[in-house]
There are 2 protein chains.
Amino acid sequence: MQAKALPGFREFYPEDMVFRSHIFATWRAVAARYAFEEYDGPPLEPLDLYTDKSGEEIVGQLYNFRDKGDREVALRPEMTPTLARMVGARAQALRKPIRWFSIPQLFRYERQQRGRLREHFQLNMDIVGEAGPLADAELIAAALDILRAFGLGPREVQVRVSDRRVVRALLLGSGVSADQLNLAFAVIDKSEREAQGALADQLARAGVTKRATDAVFEVAGLRGLFAILQALQSLPDGETIGEPLRKVHDALEAMGLAQFVQVDLTIVRGLAYYTGIVFELFDTARSLRAICGGGRYDHLLQQIAGIDLPCVGFGMGDVVLGELLRTRALERAVSRRLEVFLVAVSAEDEQLVLRLGHALRDRGVALEYALRSGSVRRQLELAAARGAPRAVILGPDERASGLAVVRDLRTGTESRVPLTDLEEGRLS
Amino acid sequence: MQAKALPGFREFYPEDMVFRSHIFATWRAVAARYAFEEYDGPPLEPLDLYTDKSGEEIVGQLYNFRDKGDREVALRPEMTPTLARMVGARAQALRKPIRWFSIPQLFRYERQQRGRLREHFQLNMDIVGEAGPLADAELIAAALDILRAFGLGPREVQVRVSDRRVVRALLLGSGVSADQLNLAFAVIDKSEREAQGALADQLARAGVTKRATDAVFEVAGLRGLFAILQALQSLPDGETIGEPLRKVHDALEAMGLAQFVQVDLTIVRGLAYYTGIVFELFDTARSLRAICGGGRYDHLLQQIAGIDLPCVGFGMGDVVLGELLRTRALERAVSRRLEVFLVAVSAEDEQLVLRLGHALRDRGVALEYALRSGSVRRQLELAAARGAPRAVILGPDERASGLAVVRDLRTGTESRVPLTDLEEGRLS
């Protein structure tokens with residue numbers, strides 16, 4: 001006997017599924033407003049689709065195996081490589097900029113992390129073929145509008161926006177050498193979570209000068225667009241380097257979203273492939289991991305598909321978002337509700353229930369009736385258990401008079417409605 | 001560079017996804033009318049969830065492997081074992097009858113069958129906890145209503161309904177022994193596709209008498225409810241045995257679906273677990289495999305979850321259905337359409353485009369604009385390529401006058417609409 005699902009895999013009972021469907025429907029509704037088209041790819045992919053991008057070390061985190069045809073395969077841990085391949089295969093034919101979204105289920109297997117989920121669903125939205133900052137702003141706005149569509153405001157969620165080109169320029173300009181850059185980025189990434197002393201020691205051990213080390217922490221401490229643009233003024237091409245970040249900020253302001261935006265260079269994003277603007281959405285209480293992360297990755301299509309097209313995109317998972325919606329009591333998921341329950345008084349009335357029931361369903365009415373003869377009381381109990389707002393009672397009297405009893409199951413009030421009206425979908 | 005998906009796996013480009021979403025939306029709409037609730041389970045399951053039900057031979061058809069935690073696992077080849085486990089785990093708490101549906105992606109790996117798909121999506125609808133024939137009729141009606149919702153009528157699709165209890169009784173009553181039953185069922189299953197002589201030889205070799213062999217072909221040849229009920233009259237409890245099939249037939253007739261129904265005992269369904277009513281939907285041209293198959297399987301929950309609850313259900317895949325809809329030119333999938341494209345005459349107008357665009361999206365309007373400055377002509381070309389029905393042109397004159405030009409991109413006609421109207425979602 002099989003008592004359990006695999007560890008880390010969720011089962012979605014109807015009440016969980018209503019919540020999941022609510023999240024998916026909101027994702028799709030906002031994506032439609034932004035004129036994004038949905039796509040999907042295989043959940044199982046050749047392993048080297050991921051190792052080519054992320055190196056062999058990624059294998060430690062994958063659900064990978066050798067299939068019966070001796071192929072090395074993996075359950076997809078992310079969607080971007082699939083997107084890159086699909087766009088690459090039709091790069092000439094597709095009209096740019098490409099605006100695509102997908103809601104894949106993604107899989108990770110990290111042996112050490114017991115109790116953590118090994119799958120989740122993730123909205124992926126990407127714009128391919130546009131290098132300018134309006135594309136970055138468009139995606140940040142879409143991510144924010146999704147959270148707004150769930151009823152969240154700037155007191156609950158914020159987006160932090162950075163630009164790796166700016167960070168890089170500021171670091172190089174203050175004496176960090178090119179080969180110290182990765183370490184400096186890592187220190188900036190950790191600067192909010194770890195003690196400055198320990199981080200400074202790390203830099204010192206790598207040969208970063210005292211002056212440059214101070215600069216690293218200064219960069220990490222810059223808050224707001226104005227402070228960053230001012231710091232850039234000390235560089236010869238500072239204004240040009242600051243331009244994309246300024247434009248993203250101004251575009252979000254024009255859209256009326258400024259109150260959600262923090263410009264803040266500590267957002268680094270772990271993945272090595274981001275090349276420009278990067279951003280993260282987070283809850284202001286900071287009780288959860290990031291709700292959404294993304295940015296510009298202009299070299300990935302070259303690497304995976306051999307095609308030079310700039311990209312910007314983000315991923316938003318269903319797990320952190322779901323926790324946020326639950327903790328904030330914003331779980332306003334509404335399922336498609338049962339509209340009416342038909343009750344047969346006697347076995348002789350069942351044919352009428354079947355006929356009327358089918359006629360109403362043909363008109364799109366969500367409807368149920370008992371699948372076995374039983375007392376009226378028992379049928380009404382089932383109707384109530386299902387949450388039906390009303391019951392239509394059909395018995396010999398109703399057949400003779402051509403008038404059915406329609407009972408409001410919340411108030412208990414009853415009315416009589418002609419059967420001919422009911423058949424045409426008029427329930428009251 | 002990764003040029004290809006794994007063999008047998010589909011990539012869904014936006015135009016394919018529109019079609020798939022149309023199928024899923026129709027499935028969900030009809031399921032809602034029938035008051036079914038959606039659930040989902042893990043795409044990866046313990047291997048023995050399937051071997052316990054179907055025996056070790058199933059492993060030859062599975063995507064199975066050993067995971068990093070040394071568990072034998074498989075990508076789900078079907079949904080029913082997951083359903084059985086989930087229902088079993090909450091059998092007491094769930095109100096019966098349980099009416100659930102799911103749209104899982106399913107996986108099979110058969111080494112020999114090159115060129116065939118290794119994944120497909122399948123609607124699963126099941127009623128658990130009701131043994132009576134109205135439950136069977138309910139599911140057959142739902143399957144038919146799905147095809148009707150796609151615009152198909154009785155000239156295009158039919159359902160063939162049988163009852164294994166009837167076949168069994170008729171066979172035993174005419175001299176087939178209990179241990180010859182499985183072979184006799186197999187012969188009936190093949191009776192339409194293979195020559196009668198060869199099948200008769202098979203029966204003879206297994207020791208089936210001449211009289212019983214004739215009876216097997218007679219049973220296979222019975223057409224229509226009346227002929228079957230008549231044949232049952234020769235058995236002492238024939239009327240009782242024929243009752244469920246008769247009730248299913250009568251219920252479908254009461255629902256107005258009789259013209260879709262063929263009662264025909266050659267529908268056997270390969271899976272060993274069906275116990276009563278079985279049915280298949282097929283295209284009348286018989287150019288495709290079955291569109292949908294299902295039936296009653298009253299012992300599976302006992303076997304998988306140790307709980308005695310009767311079940312009836314069906315599966316309907318997206319591949320055969322998709323072929324049918326395409327061949328019949330019923331591919332009426334309509335995507336959520338782009339409603340308006342905003343055009344900025346000069347770079348100075350971009351802020352207005354962003355502001356107005358965001359205001360309209362907040363009102364649910366599906367909207368796009370160029371993400372890079374360019375000539376009006378170029379922007380209108382992109383609008384046309386995207387299929388936008390209208391463009392709103394915003395330039396210095398429009399800002400000064402407070403009136404935007406709205407151009408109908410199909411007719412070329414233009415009108416002037418106050419910006420204040422546009423901001424409130426009035427596009428004309």
# chains A, B, ... in the order shown; residues from 1 in each chain; ligands from 1

$ residues_around --residues "Arg399 (chain A)" --least-positions-apart "3" --cutoff "10 Å" --atoms "only C-alpha atoms" --output "mmCIF file with C-alpha atoms, in the first residue's frame"
data_model
loop_
_atom_site.group_PDB
_atom_site.id
_atom_site.type_symbol
_atom_site.label_atom_id
_atom_site.label_comp_id
_atom_site.auth_asym_id
_atom_site.auth_seq_id
_atom_site.Cartn_x
_atom_site.Cartn_y
_atom_site.Cartn_z
ATOM 1 C CA ASP A 349 -38.479 12.120 -10.690
ATOM 2 C CA LEU A 352 -36.718 14.901 -14.936
ATOM 3 C CA LEU A 394 -38.683 18.167 -8.279
ATOM 4 C CA GLY A 395 -41.465 15.779 -7.283
ATOM 5 C CA PRO A 396 -44.783 14.426 -8.550
ATOM 6 C CA GLY A 402 -45.191 22.461 -14.068
ATOM 7 C CA LEU A 403 -43.829 24.563 -11.190
ATOM 8 C CA ALA A 404 -40.670 23.588 -9.316
ATOM 9 C CA LEU A 419 -40.152 24.280 -15.302
#

$ select_by_dssp --residues "region 17-184 of chain B" --states "helix (DSSP H, G or I)" --output "VMD selection string"
chain B and resid 17 to 33 48 to 54 56 to 61 80 to 89 133 to 149 164 to 173 178 to 184

$ atom_distance --atom1 "CA of Lys68 (chain A)" --atom2 "CA of Glu56 (chain B)"
16.2 Å

$ residues_around --residues "Phe282 (chain A)" --least-positions-apart "3" --cutoff "6 Å" --atoms "only C-alpha atoms" --output "number ranges by chain"
A: 157-158, 290-291

$ write_last_selection --atoms "all heavy atoms" --output "short mmCIF file (atom, residue, chain, number, x, y, z; two decimals), in the first residue's frame"
data_model
loop_
_atom_site.label_atom_id
_atom_site.label_comp_id
_atom_site.auth_asym_id
_atom_site.auth_seq_id
_atom_site.Cartn_x
_atom_site.Cartn_y
_atom_site.Cartn_z
N VAL A 157 5.09 45.23 -0.14
CA VAL A 157 6.14 44.73 -1.04
C VAL A 157 6.91 45.90 -1.65
O VAL A 157 6.37 46.97 -1.89
CB VAL A 157 5.56 43.86 -2.18
CG1 VAL A 157 5.07 42.54 -1.65
CG2 VAL A 157 4.46 44.58 -2.94
N GLN A 158 8.18 45.63 -1.91
CA GLN A 158 9.06 46.60 -2.54
C GLN A 158 9.92 45.87 -3.55
O GLN A 158 10.13 44.66 -3.44
CB GLN A 158 9.97 47.24 -1.47
CG GLN A 158 9.24 48.17 -0.52
CD GLN A 158 9.09 49.57 -1.09
OE1 GLN A 158 10.05 50.22 -1.50
NE2 GLN A 158 7.85 50.06 -1.14
N ALA A 290 13.18 36.13 -1.21
CA ALA A 290 12.71 37.02 -2.28
C ALA A 290 11.48 36.41 -2.96
O ALA A 290 11.41 35.21 -3.18
CB ALA A 290 13.81 37.27 -3.30
N ILE A 291 10.51 37.26 -3.29
CA ILE A 291 9.29 36.82 -3.97
C ILE A 291 9.56 36.58 -5.45
O ILE A 291 8.93 35.75 -6.09
CB ILE A 291 8.20 37.91 -3.84
CG1 ILE A 291 7.89 38.20 -2.37
CG2 ILE A 291 6.94 37.50 -4.58
CD1 ILE A 291 7.22 39.56 -2.17
#

$ closest_residue --among "B:Ile304, B:Ile103, B:Leu360, B:Leu75" --to "chain A" --atoms "only C-alpha atoms"
B:Ile304

$ residues_around --residues "region 47-53 of chain A" --least-positions-apart "5" --cutoff "6 Å" --atoms "only C-alpha atoms" --output "list of chain:residue names"
A:Glu72, A:Val73, A:Ala74

$ write_last_selection --atoms "C-alpha atoms" --output "tab-separated table (two decimals), in the first residue's frame"
chain	number	residue	atom	x	y	z
A	72	GLU	CA	21.80	11.85	-19.78
A	73	VAL	CA	18.61	13.72	-18.88
A	74	ALA	CA	17.32	15.97	-16.08

$ select_by_dssp --residues "region 24-189 of chain A" --states "strand (DSSP E)" --output "VMD selection string"
chain A and resid 37 to 38 44 to 46 64 to 66 72 to 75 98 to 102 105 to 107 119 to 128 157 to 163

$ closest_residue --among "B:Glu192, B:Glu156, B:Asp179, B:Glu368" --to "chain A" --atoms "only C-alpha atoms"
B:Glu368

$ residues_around --residues "Leu225 (chain B)" --least-positions-apart "6" --cutoff "8 Å" --atoms "only C-alpha atoms" --output "list in words"
Leu245, Arg246, His249, Val263 and Asp264 of chain B

$ closest_residue --among "A:Arg407, A:Arg155, A:Arg66, A:His22" --to "chain B" --atoms "only C-alpha atoms"
A:Arg66

$ closest_residue --among "A:Thr209, A:Thr80, A:Ser162, A:Gln302" --to "chain B" --atoms "only C-alpha atoms"
A:Gln302

$ residues_around --residues "Arg28 (chain B)" --least-positions-apart "5" --cutoff "12 Å" --atoms "only C-alpha atoms" --output "list in words"
Ser21, Ser335, Arg336, Gly364 and Ala366 of chain A; Ser21, His22, Ile23, Arg33, Tyr34, Ala35, Phe36, Glu37, Glu38, Tyr39, Trp100, Phe101, Ser102, Ile103, Leu123, Asn124, Met125, Ala142, Ala143, Asp145, Ile146 and Ala149 of chain B

$ write_last_selection --atoms "N, CA, C and O atoms" --output "mmCIF file, in the first residue's frame"
data_model
loop_
_atom_site.group_PDB
_atom_site.id
_atom_site.type_symbol
_atom_site.label_atom_id
_atom_site.label_comp_id
_atom_site.auth_asym_id
_atom_site.auth_seq_id
_atom_site.Cartn_x
_atom_site.Cartn_y
_atom_site.Cartn_z
ATOM 1 N N SER A 21 -4.676 27.689 -8.492
ATOM 2 C CA SER A 21 -5.314 28.187 -9.718
ATOM 3 C C SER A 21 -5.515 29.694 -9.658
ATOM 4 O O SER A 21 -5.418 30.384 -10.678
ATOM 5 N N SER A 335 -13.234 29.617 -5.907
ATOM 6 C CA SER A 335 -13.381 28.573 -6.913
ATOM 7 C C SER A 335 -14.647 28.829 -7.710
ATOM 8 O O SER A 335 -15.517 29.576 -7.306
ATOM 9 N N ARG A 336 -14.701 28.205 -8.861
ATOM 10 C CA ARG A 336 -15.933 28.222 -9.620
ATOM 11 C C ARG A 336 -16.980 27.547 -8.763
ATOM 12 O O ARG A 336 -16.871 26.375 -8.435
ATOM 13 N N GLY A 364 -24.412 26.303 -19.290
ATOM 14 C CA GLY A 364 -23.239 26.745 -18.541
ATOM 15 C C GLY A 364 -23.429 26.804 -17.035
ATOM 16 O O GLY A 364 -22.557 27.277 -16.315
ATOM 17 N N ALA A 366 -23.332 25.558 -13.325
ATOM 18 C CA ALA A 366 -22.604 24.549 -12.545
ATOM 19 C C ALA A 366 -23.585 23.879 -11.595
ATOM 20 O O ALA A 366 -24.154 24.527 -10.721
ATOM 21 N N SER B 21 -4.214 25.639 -24.559
ATOM 22 C CA SER B 21 -4.986 26.350 -23.532
ATOM 23 C C SER B 21 -6.478 26.303 -23.833
ATOM 24 O O SER B 21 -7.300 26.240 -22.907
ATOM 25 N N HIS B 22 -6.814 26.337 -25.110
ATOM 26 C CA HIS B 22 -8.222 26.220 -25.519
ATOM 27 C C HIS B 22 -8.784 24.853 -25.100
ATOM 28 O O HIS B 22 -9.894 24.754 -24.572
ATOM 29 N N ILE B 23 -8.009 23.808 -25.306
ATOM 30 C CA ILE B 23 -8.442 22.464 -24.879
ATOM 31 C C ILE B 23 -8.598 22.417 -23.358
ATOM 32 O O ILE B 23 -9.638 21.989 -22.846
ATOM 33 N N ARG B 33 -19.225 22.817 -14.812
ATOM 34 C CA ARG B 33 -20.672 22.636 -14.933
ATOM 35 C C ARG B 33 -21.131 21.360 -14.238
ATOM 36 O O ARG B 33 -22.218 21.282 -13.698
ATOM 37 N N TYR B 34 -20.278 20.342 -14.289
ATOM 38 C CA TYR B 34 -20.606 19.071 -13.647
ATOM 39 C C TYR B 34 -20.196 19.067 -12.165
ATOM 40 O O TYR B 34 -20.250 18.029 -11.511
ATOM 41 N N ALA B 35 -19.781 20.216 -11.664
ATOM 42 C CA ALA B 35 -19.429 20.372 -10.245
ATOM 43 C C ALA B 35 -18.293 19.437 -9.817
ATOM 44 O O ALA B 35 -18.321 18.862 -8.738
ATOM 45 N N PHE B 36 -17.299 19.283 -10.704
ATOM 46 C CA PHE B 36 -16.088 18.550 -10.338
ATOM 47 C C PHE B 36 -15.042 19.548 -9.843
ATOM 48 O O PHE B 36 -14.941 20.659 -10.343
ATOM 49 N N GLU B 37 -14.258 19.107 -8.861
ATOM 50 C CA GLU B 37 -13.190 19.944 -8.314
ATOM 51 C C GLU B 37 -11.846 19.480 -8.851
ATOM 52 O O GLU B 37 -11.596 18.275 -8.959
ATOM 53 N N GLU B 38 -10.951 20.430 -9.113
ATOM 54 C CA GLU B 38 -9.643 20.080 -9.661
ATOM 55 C C GLU B 38 -8.662 19.719 -8.548
ATOM 56 O O GLU B 38 -8.658 20.323 -7.483
ATOM 57 N N TYR B 39 -7.813 18.730 -8.809
ATOM 58 C CA TYR B 39 -6.733 18.365 -7.900
ATOM 59 C C TYR B 39 -5.495 18.125 -8.748
ATOM 60 O O TYR B 39 -5.564 18.097 -9.985
ATOM 61 N N TRP B 100 -13.862 14.549 -8.683
ATOM 62 C CA TRP B 100 -12.584 15.239 -8.887
ATOM 63 C C TRP B 100 -12.121 15.111 -10.327
ATOM 64 O O TRP B 100 -12.348 14.089 -10.977
ATOM 65 N N PHE B 101 -11.436 16.149 -10.781
ATOM 66 C CA PHE B 101 -10.751 16.035 -12.079
ATOM 67 C C PHE B 101 -9.343 16.601 -11.973
ATOM 68 O O PHE B 101 -9.009 17.343 -11.041
ATOM 69 N N SER B 102 -8.512 16.242 -12.944
ATOM 70 C CA SER B 102 -7.130 16.698 -12.979
ATOM 71 C C SER B 102 -6.664 16.708 -14.438
ATOM 72 O O SER B 102 -7.238 16.001 -15.274
ATOM 73 N N ILE B 103 -5.659 17.507 -14.721
ATOM 74 C CA ILE B 103 -5.100 17.549 -16.091
ATOM 75 C C ILE B 103 -3.595 17.319 -16.003
ATOM 76 O O ILE B 103 -2.799 18.230 -16.234
ATOM 77 N N LEU B 123 -6.936 14.739 -19.448
ATOM 78 C CA LEU B 123 -8.006 15.034 -18.492
ATOM 79 C C LEU B 123 -8.425 13.740 -17.816
ATOM 80 O O LEU B 123 -8.734 12.754 -18.484
ATOM 81 N N ASN B 124 -8.418 13.734 -16.495
ATOM 82 C CA ASN B 124 -8.941 12.607 -15.721
ATOM 83 C C ASN B 124 -10.143 13.088 -14.922
ATOM 84 O O ASN B 124 -10.028 14.046 -14.158
ATOM 85 N N MET B 125 -11.292 12.443 -15.114
ATOM 86 C CA MET B 125 -12.460 12.765 -14.285
ATOM 87 C C MET B 125 -12.904 11.485 -13.594
ATOM 88 O O MET B 125 -13.019 10.442 -14.251
ATOM 89 N N ALA B 142 -20.478 13.749 -19.267
ATOM 90 C CA ALA B 142 -19.461 14.811 -19.188
ATOM 91 C C ALA B 142 -18.488 14.697 -20.356
ATOM 92 O O ALA B 142 -18.131 15.694 -20.990
ATOM 93 N N ALA B 143 -18.053 13.459 -20.666
ATOM 94 C CA ALA B 143 -17.117 13.264 -21.783
ATOM 95 C C ALA B 143 -17.762 13.706 -23.098
ATOM 96 O O ALA B 143 -17.134 14.383 -23.921
ATOM 97 N N ASP B 145 -20.226 15.859 -23.425
ATOM 98 C CA ASP B 145 -20.437 17.313 -23.408
ATOM 99 C C ASP B 145 -19.153 18.083 -23.710
ATOM 100 O O ASP B 145 -19.196 19.190 -24.249
ATOM 101 N N ILE B 146 -18.016 17.504 -23.343
ATOM 102 C CA ILE B 146 -16.746 18.142 -23.712
ATOM 103 C C ILE B 146 -16.620 18.194 -25.233
ATOM 104 O O ILE B 146 -16.309 19.231 -25.814
ATOM 105 N N ALA B 149 -18.906 20.668 -26.568
ATOM 106 C CA ALA B 149 -18.416 22.033 -26.332
ATOM 107 C C ALA B 149 -17.381 22.447 -27.385
ATOM 108 O O ALA B 149 -17.206 23.630 -27.661
#

$ closest_residue --among "B:Gly322, B:Ala272, B:Gly306, B:Ala258" --to "Arg289 (chain B)" --atoms "only C-alpha atoms"
B:Gly322

$ closest_residue --among "A:Ala215, A:Met17, A:Ile277, A:Leu288" --to "chain B" --atoms "only C-alpha atoms"
A:Met17

$ residues_around --residues "region 1-10 of chain A" --least-positions-apart "4" --cutoff "10 Å" --atoms "only C-alpha atoms" --output "MDAnalysis selection string"
(chainID A and resid 16 107:109 113:120) or (chainID B and resid 40:46 48:50 52:53 71 73 81:82 84:86 88:89 301:306)

$ decode --residues "region 31-76 of chain A" --atoms "C-alpha atoms" --output "PDB file, in the first residue's frame"
ATOM      1  CA  ALA A  31       0.771  38.782 -18.485  1.00  0.00           C
ATOM      2  CA  ALA A  32      -2.139  39.242 -20.928  1.00  0.00           C
ATOM      3  CA  ARG A  33      -2.434  42.948 -20.082  1.00  0.00           C
ATOM      4  CA  TYR A  34       1.261  43.283 -20.850  1.00  0.00           C
ATOM      5  CA  ALA A  35       0.685  41.443 -24.152  1.00  0.00           C
ATOM      6  CA  PHE A  36       2.912  38.498 -23.291  1.00  0.00           C
ATOM      7  CA  GLU A  37       2.265  35.162 -25.011  1.00  0.00           C
ATOM      8  CA  GLU A  38       2.406  31.857 -23.140  1.00  0.00           C
ATOM      9  CA  TYR A  39       4.762  29.021 -24.175  1.00  0.00           C
ATOM     10  CA  ASP A  40       5.861  25.769 -22.583  1.00  0.00           C
ATOM     11  CA  GLY A  41       8.664  23.272 -23.012  1.00  0.00           C
ATOM     12  CA  PRO A  42       9.451  19.725 -21.911  1.00  0.00           C
ATOM     13  CA  PRO A  43       9.777  19.050 -18.171  1.00  0.00           C
ATOM     14  CA  LEU A  44      12.570  16.591 -19.025  1.00  0.00           C
ATOM     15  CA  GLU A  45      15.598  17.899 -20.922  1.00  0.00           C
ATOM     16  CA  PRO A  46      19.084  16.772 -21.985  1.00  0.00           C
ATOM     17  CA  LEU A  47      21.394  17.215 -19.003  1.00  0.00           C
ATOM     18  CA  ASP A  48      23.915  19.277 -20.928  1.00  0.00           C
ATOM     19  CA  LEU A  49      21.325  21.987 -21.533  1.00  0.00           C
ATOM     20  CA  TYR A  50      22.078  22.898 -17.918  1.00  0.00           C
ATOM     21  CA  THR A  51      25.735  21.932 -17.558  1.00  0.00           C
ATOM     22  CA  ASP A  52      26.630  23.980 -20.658  1.00  0.00           C
ATOM     23  CA  LYS A  53      25.182  27.034 -18.970  1.00  0.00           C
ATOM     24  CA  SER A  54      26.035  26.497 -15.328  1.00  0.00           C
ATOM     25  CA  GLY A  55      28.945  24.061 -15.335  1.00  0.00           C
ATOM     26  CA  GLU A  56      29.182  20.539 -13.982  1.00  0.00           C
ATOM     27  CA  GLU A  57      28.651  21.658 -10.372  1.00  0.00           C
ATOM     28  CA  ILE A  58      24.939  22.187 -11.105  1.00  0.00           C
ATOM     29  CA  VAL A  59      24.533  18.402 -11.392  1.00  0.00           C
ATOM     30  CA  GLY A  60      24.654  18.150  -7.610  1.00  0.00           C
ATOM     31  CA  GLN A  61      21.362  20.039  -7.460  1.00  0.00           C
ATOM     32  CA  LEU A  62      19.515  18.297 -10.277  1.00  0.00           C
ATOM     33  CA  TYR A  63      17.115  15.433 -10.665  1.00  0.00           C
ATOM     34  CA  ASN A  64      19.178  13.779 -13.341  1.00  0.00           C
ATOM     35  CA  PHE A  65      19.450  10.234 -14.651  1.00  0.00           C
ATOM     36  CA  ARG A  66      20.325   8.134 -17.654  1.00  0.00           C
ATOM     37  CA  ASP A  67      17.250   7.141 -19.657  1.00  0.00           C
ATOM     38  CA  LYS A  68      16.612   3.822 -21.380  1.00  0.00           C
ATOM     39  CA  GLY A  69      18.088   5.218 -24.584  1.00  0.00           C
ATOM     40  CA  ASP A  70      21.346   5.963 -22.695  1.00  0.00           C
ATOM     41  CA  ARG A  71      20.747   9.708 -22.724  1.00  0.00           C
ATOM     42  CA  GLU A  72      21.799  11.852 -19.780  1.00  0.00           C
ATOM     43  CA  VAL A  73      18.607  13.721 -18.880  1.00  0.00           C
ATOM     44  CA  ALA A  74      17.320  15.972 -16.081  1.00  0.00           C
ATOM     45  CA  LEU A  75      14.006  17.259 -14.810  1.00  0.00           C
ATOM     46  CA  ARG A  76      14.174  20.970 -15.615  1.00  0.00           C
TER      47      ARG A  76
END
